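First the structure, in the form of structure tokens, and then the observations on it.
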Amino acid sequence: MIIFKRSHFIAWLAVALILIALTACQSSPTPTPTIVIAPPTRTASTSSSMASLAIPTPTVTPIIIPDLKGRALKVGSDTSYPPFESINDKKEVVGFDVDLVNEICKRLNCKATFVSADFDTLLNAVSNQIFDLSASGWTITDERAKKVDFGLPYIQNTQMLLVRSDETRIKEPEDLKTAPYIVAVQFGTTSAATMKKFVADPAKQVKEYPDIVAAVQALLNKQADVVVVYTFAAFDLIDQNKGKVKVTGKQFGDDYLGIVFRKGDAELKTAFDAGLKIVYQDGTWSKLCDKWWKDTLPKPDCSGKNLPLAK
């Protein structure tokens, strides 16, 4: 008879248990640990053990919004250019540009007052500090940037041809080279420079008028054959002259509009750029775009995804 001592029995039992444990480990895969990434914003009660994981969290560069401390700003504008700016029945200046500037001022703590002026006088008026800035559907160009500073582009625009309702000769911009058509444009706008590239004799064919309303009136009076107008102002003009005018041909050009500041006025320009970014990021910009171009076709891209603001 083989007699096991108690100490021997305990040793063999320990070995058996170790073998069983090793077998179990080989047959069952080790579970993968679950790592929970905490949201970027943490409360004071967040476990300190999360910090030890050293998991990077997304960072967003905050926009510093200057406080203009209630500053009163005079905004020069040609108020004959709906839906960007116009005067309503109550003699109030209204429009997309007006709402946009007012929303920016809400963020910056300033008060904007729009003052009507002829379009071709506005750049000099800003330069001479008659106005603090100008919001008037300004297309950003290198030539203008020699005189003034532009804020960040706030909307993308194109141009179109407006003709009388019975017009059949002019279908596309290229048709303007086929005959000595008279082209009406607003004085001082980029439309004038653009059209001079489309016609055979710019000196005779391109006629400039003090505002777009006068240009359309010249069209109706048959003093002009076509009016060049920015796409998103065209449909308000059509509405005002129902049955008398129509849009013809494709859109052309690819312009951005910007707010005008006095050359070297970095303080105001920087403040408005910051305010514009906030108005864009919080969705206000898109709401204003939808408001002022609610029923127009074609309509601006009210997502603004192609604007530098979105980059």
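Each chain in the structure tokens gets a letter, A, B and so on, in the order shown; residues start at 1 in every chain, and ligands are counted from 1 in the order they appear.
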**OP:** Write down as a PyMOL selection string the residues belonging to region 172-241 of chain A that are assigned helix (DSSP H, G or I) by DSSP computed on the backbone.
**Re:** chain A and resi 173-177+190-195+202-205+212-220+231-240
Subject >> Shell of 12 Å around Leu122 (chain A), only C-alpha atoms, local chain residues under 2 positions omitted, as an MDAnalysis selection string >> reply: chainID A and resid 74:79 115:120 124:138 144 147:148 188:189 259:262
Write to file, as a JSON list (two decimals), in the first residue's frame, the residues of the selection just made, with N, CA and C atoms.
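again-v9.json written:
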```json
[["chain", "number", "residue", "atom", "x", "y", "z"],
["A", 74, "LYS", "N", -21.43, 104.41, -38.54],
["A", 74, "LYS", "CA", -22.15, 104.89, -39.71],
["A", 74, "LYS", "C", -21.77, 104.00, -40.89],
["A", 75, "VAL", "N", -22.81, 103.39, -41.48],
["A", 75, "VAL", "CA", -22.59, 102.45, -42.57],
["A", 75, "VAL", "C", -23.10, 103.07, -43.87],
["A", 76, "GLY", "N", -22.22, 103.34, -44.80],
["A", 76, "GLY", "CA", -22.61, 103.89, -46.09],
["A", 76, "GLY", "C", -23.13, 102.80, -47.01],
["A", 77, "SER", "N", -24.24, 103.09, -47.72],
["A", 77, "SER", "CA", -24.83, 102.06, -48.57],
["A", 77, "SER", "C", -25.67, 102.69, -49.69],
["A", 78, "ASP", "N", -25.57, 102.11, -50.86],
["A", 78, "ASP", "CA", -26.47, 102.48, -51.95],
["A", 78, "ASP", "C", -27.74, 101.65, -51.75],
["A", 79, "THR", "N", -28.77, 102.27, -51.23],
["A", 79, "THR", "CA", -29.96, 101.54, -50.79],
["A", 79, "THR", "C", -30.98, 101.33, -51.91],
["A", 115, "VAL", "N", -26.73, 104.72, -43.86],
["A", 115, "VAL", "CA", -26.93, 106.03, -44.49],
["A", 115, "VAL", "C", -26.87, 105.84, -46.01],
["A", 116, "SER", "N", -27.88, 106.32, -46.72],
["A", 116, "SER", "CA", -27.93, 106.18, -48.18],
["A", 116, "SER", "C", -26.94, 107.13, -48.86],
["A", 117, "ALA", "N", -26.29, 106.62, -49.88],
["A", 117, "ALA", "CA", -25.35, 107.44, -50.66],
["A", 117, "ALA", "C", -25.20, 106.80, -52.04],
["A", 118, "ASP", "N", -24.74, 107.60, -53.02],
["A", 118, "ASP", "CA", -24.51, 107.06, -54.35],
["A", 118, "ASP", "C", -23.38, 106.05, -54.30],
["A", 119, "PHE", "N", -23.55, 104.96, -55.03],
["A", 119, "PHE", "CA", -22.60, 103.86, -54.99],
["A", 119, "PHE", "C", -21.18, 104.31, -55.30],
["A", 120, "ASP", "N", -21.03, 105.16, -56.33],
["A", 120, "ASP", "CA", -19.68, 105.53, -56.77],
["A", 120, "ASP", "C", -18.98, 106.51, -55.82],
["A", 124, "ASN", "N", -14.66, 106.49, -51.47],
["A", 124, "ASN", "CA", -14.00, 107.71, -51.00],
["A", 124, "ASN", "C", -14.55, 108.17, -49.66],
["A", 125, "ALA", "N", -15.86, 107.99, -49.46],
["A", 125, "ALA", "CA", -16.48, 108.40, -48.20],
["A", 125, "ALA", "C", -15.95, 107.58, -47.03],
["A", 126, "VAL", "N", -15.72, 106.28, -47.25],
["A", 126, "VAL", "CA", -15.12, 105.44, -46.20],
["A", 126, "VAL", "C", -13.67, 105.87, -45.96],
["A", 127, "SER", "N", -12.93, 106.10, -47.04],
["A", 127, "SER", "CA", -11.53, 106.50, -46.93],
["A", 127, "SER", "C", -11.38, 107.82, -46.17],
["A", 128, "ASN", "N", -12.35, 108.71, -46.38],
["A", 128, "ASN", "CA", -12.31, 110.04, -45.74],
["A", 128, "ASN", "C", -13.03, 110.08, -44.38],
["A", 129, "GLN", "N", -13.38, 108.89, -43.87],
["A", 129, "GLN", "CA", -13.97, 108.73, -42.54],
["A", 129, "GLN", "C", -15.35, 109.39, -42.42],
["A", 130, "ILE", "N", -16.02, 109.60, -43.56],
["A", 130, "ILE", "CA", -17.41, 110.04, -43.51],
["A", 130, "ILE", "C", -18.27, 108.88, -43.03],
["A", 131, "PHE", "N", -17.90, 107.68, -43.47],
["A", 131, "PHE", "CA", -18.52, 106.45, -42.99],
["A", 131, "PHE", "C", -17.46, 105.58, -42.33],
["A", 132, "ASP", "N", -17.88, 104.80, -41.34],
["A", 132, "ASP", "CA", -16.95, 103.87, -40.69],
["A", 132, "ASP", "C", -16.71, 102.65, -41.56],
["A", 133, "LEU", "N", -17.72, 102.27, -42.31],
["A", 133, "LEU", "CA", -17.63, 101.12, -43.20],
["A", 133, "LEU", "C", -18.73, 101.22, -44.25],
["A", 134, "SER", "N", -18.69, 100.34, -45.22],
["A", 134, "SER", "CA", -19.75, 100.30, -46.24],
["A", 134, "SER", "C", -20.16, 98.86, -46.48],
["A", 135, "ALA", "N", -21.46, 98.60, -46.41],
["A", 135, "ALA", "CA", -22.04, 97.31, -46.77],
["A", 135, "ALA", "C", -23.03, 97.59, -47.88],
["A", 136, "SER", "N", -22.66, 97.22, -49.10],
["A", 136, "SER", "CA", -23.50, 97.62, -50.24],
["A", 136, "SER", "C", -23.29, 96.68, -51.42],
["A", 137, "GLY", "N", -23.26, 95.38, -51.13],
["A", 137, "GLY", "CA", -23.09, 94.42, -52.21],
["A", 137, "GLY", "C", -21.76, 94.59, -52.93],
["A", 138, "TRP", "N", -20.70, 94.89, -52.18],
["A", 138, "TRP", "CA", -19.41, 95.17, -52.79],
["A", 138, "TRP", "C", -18.71, 93.91, -53.27],
["A", 144, "ARG", "N", -10.12, 97.71, -56.28],
["A", 144, "ARG", "CA", -10.75, 98.37, -55.13],
["A", 144, "ARG", "C", -9.91, 98.20, -53.88],
["A", 147, "LYS", "N", -7.61, 100.90, -52.62],
["A", 147, "LYS", "CA", -8.16, 102.08, -51.93],
["A", 147, "LYS", "C", -8.67, 101.76, -50.53],
["A", 148, "VAL", "N", -9.25, 100.57, -50.38],
["A", 148, "VAL", "CA", -9.89, 100.21, -49.11],
["A", 148, "VAL", "C", -9.50, 98.79, -48.73],
["A", 188, "GLY", "N", -19.68, 102.21, -61.71],
["A", 188, "GLY", "CA", -18.74, 101.83, -60.67],
["A", 188, "GLY", "C", -18.77, 100.38, -60.27],
["A", 189, "THR", "N", -19.64, 99.57, -60.90],
["A", 189, "THR", "CA", -19.74, 98.16, -60.54],
["A", 189, "THR", "C", -18.78, 97.33, -61.39],
["A", 259, "ILE", "N", -17.49, 93.35, -46.97],
["A", 259, "ILE", "CA", -17.73, 94.65, -46.34],
["A", 259, "ILE", "C", -16.47, 95.50, -46.49],
["A", 260, "VAL", "N", -16.66, 96.79, -46.74],
["A", 260, "VAL", "CA", -15.55, 97.71, -47.01],
["A", 260, "VAL", "C", -15.17, 98.47, -45.73],
["A", 261, "PHE", "N", -13.86, 98.56, -45.47],
["A", 261, "PHE", "CA", -13.33, 99.31, -44.33],
["A", 261, "PHE", "C", -12.25, 100.28, -44.81],
["A", 262, "ARG", "N", -12.02, 101.32, -44.03],
["A", 262, "ARG", "CA", -10.97, 102.27, -44.36],
["A", 262, "ARG", "C", -9.62, 101.55, -44.37]]
```
**OP:** Considering only C-alpha atoms, return as a count of residues only whatever protein or nucleic-acid residues lie within 8 Å of Trp293 (chain A), sequence-local ones (same chain, fewer than 6 positions apart) excluded.
**Re:** 4
Original post:
So which one's closest to Ala271 (chain A), A:Val229, A:Ala214, A:Ile63, A:Leu219? Using only C-alpha atoms, please.
Top reply: A:Ile63
Original post:
With only C-alpha atoms as the atoms that count, which of A:Thr139, A:Thr168, A:Thr284, A:Thr270 lies nearest to Gly258 (chain A)?
Top reply: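 Closest candidate: A:Thr139.
Residue nearest Thr141 (chain A) within the list A:Asp290, A:Asp254, A:Asp175, A:Val163: A:Asp254 [criterion: smallest interatomic distance, only C-alpha atoms].
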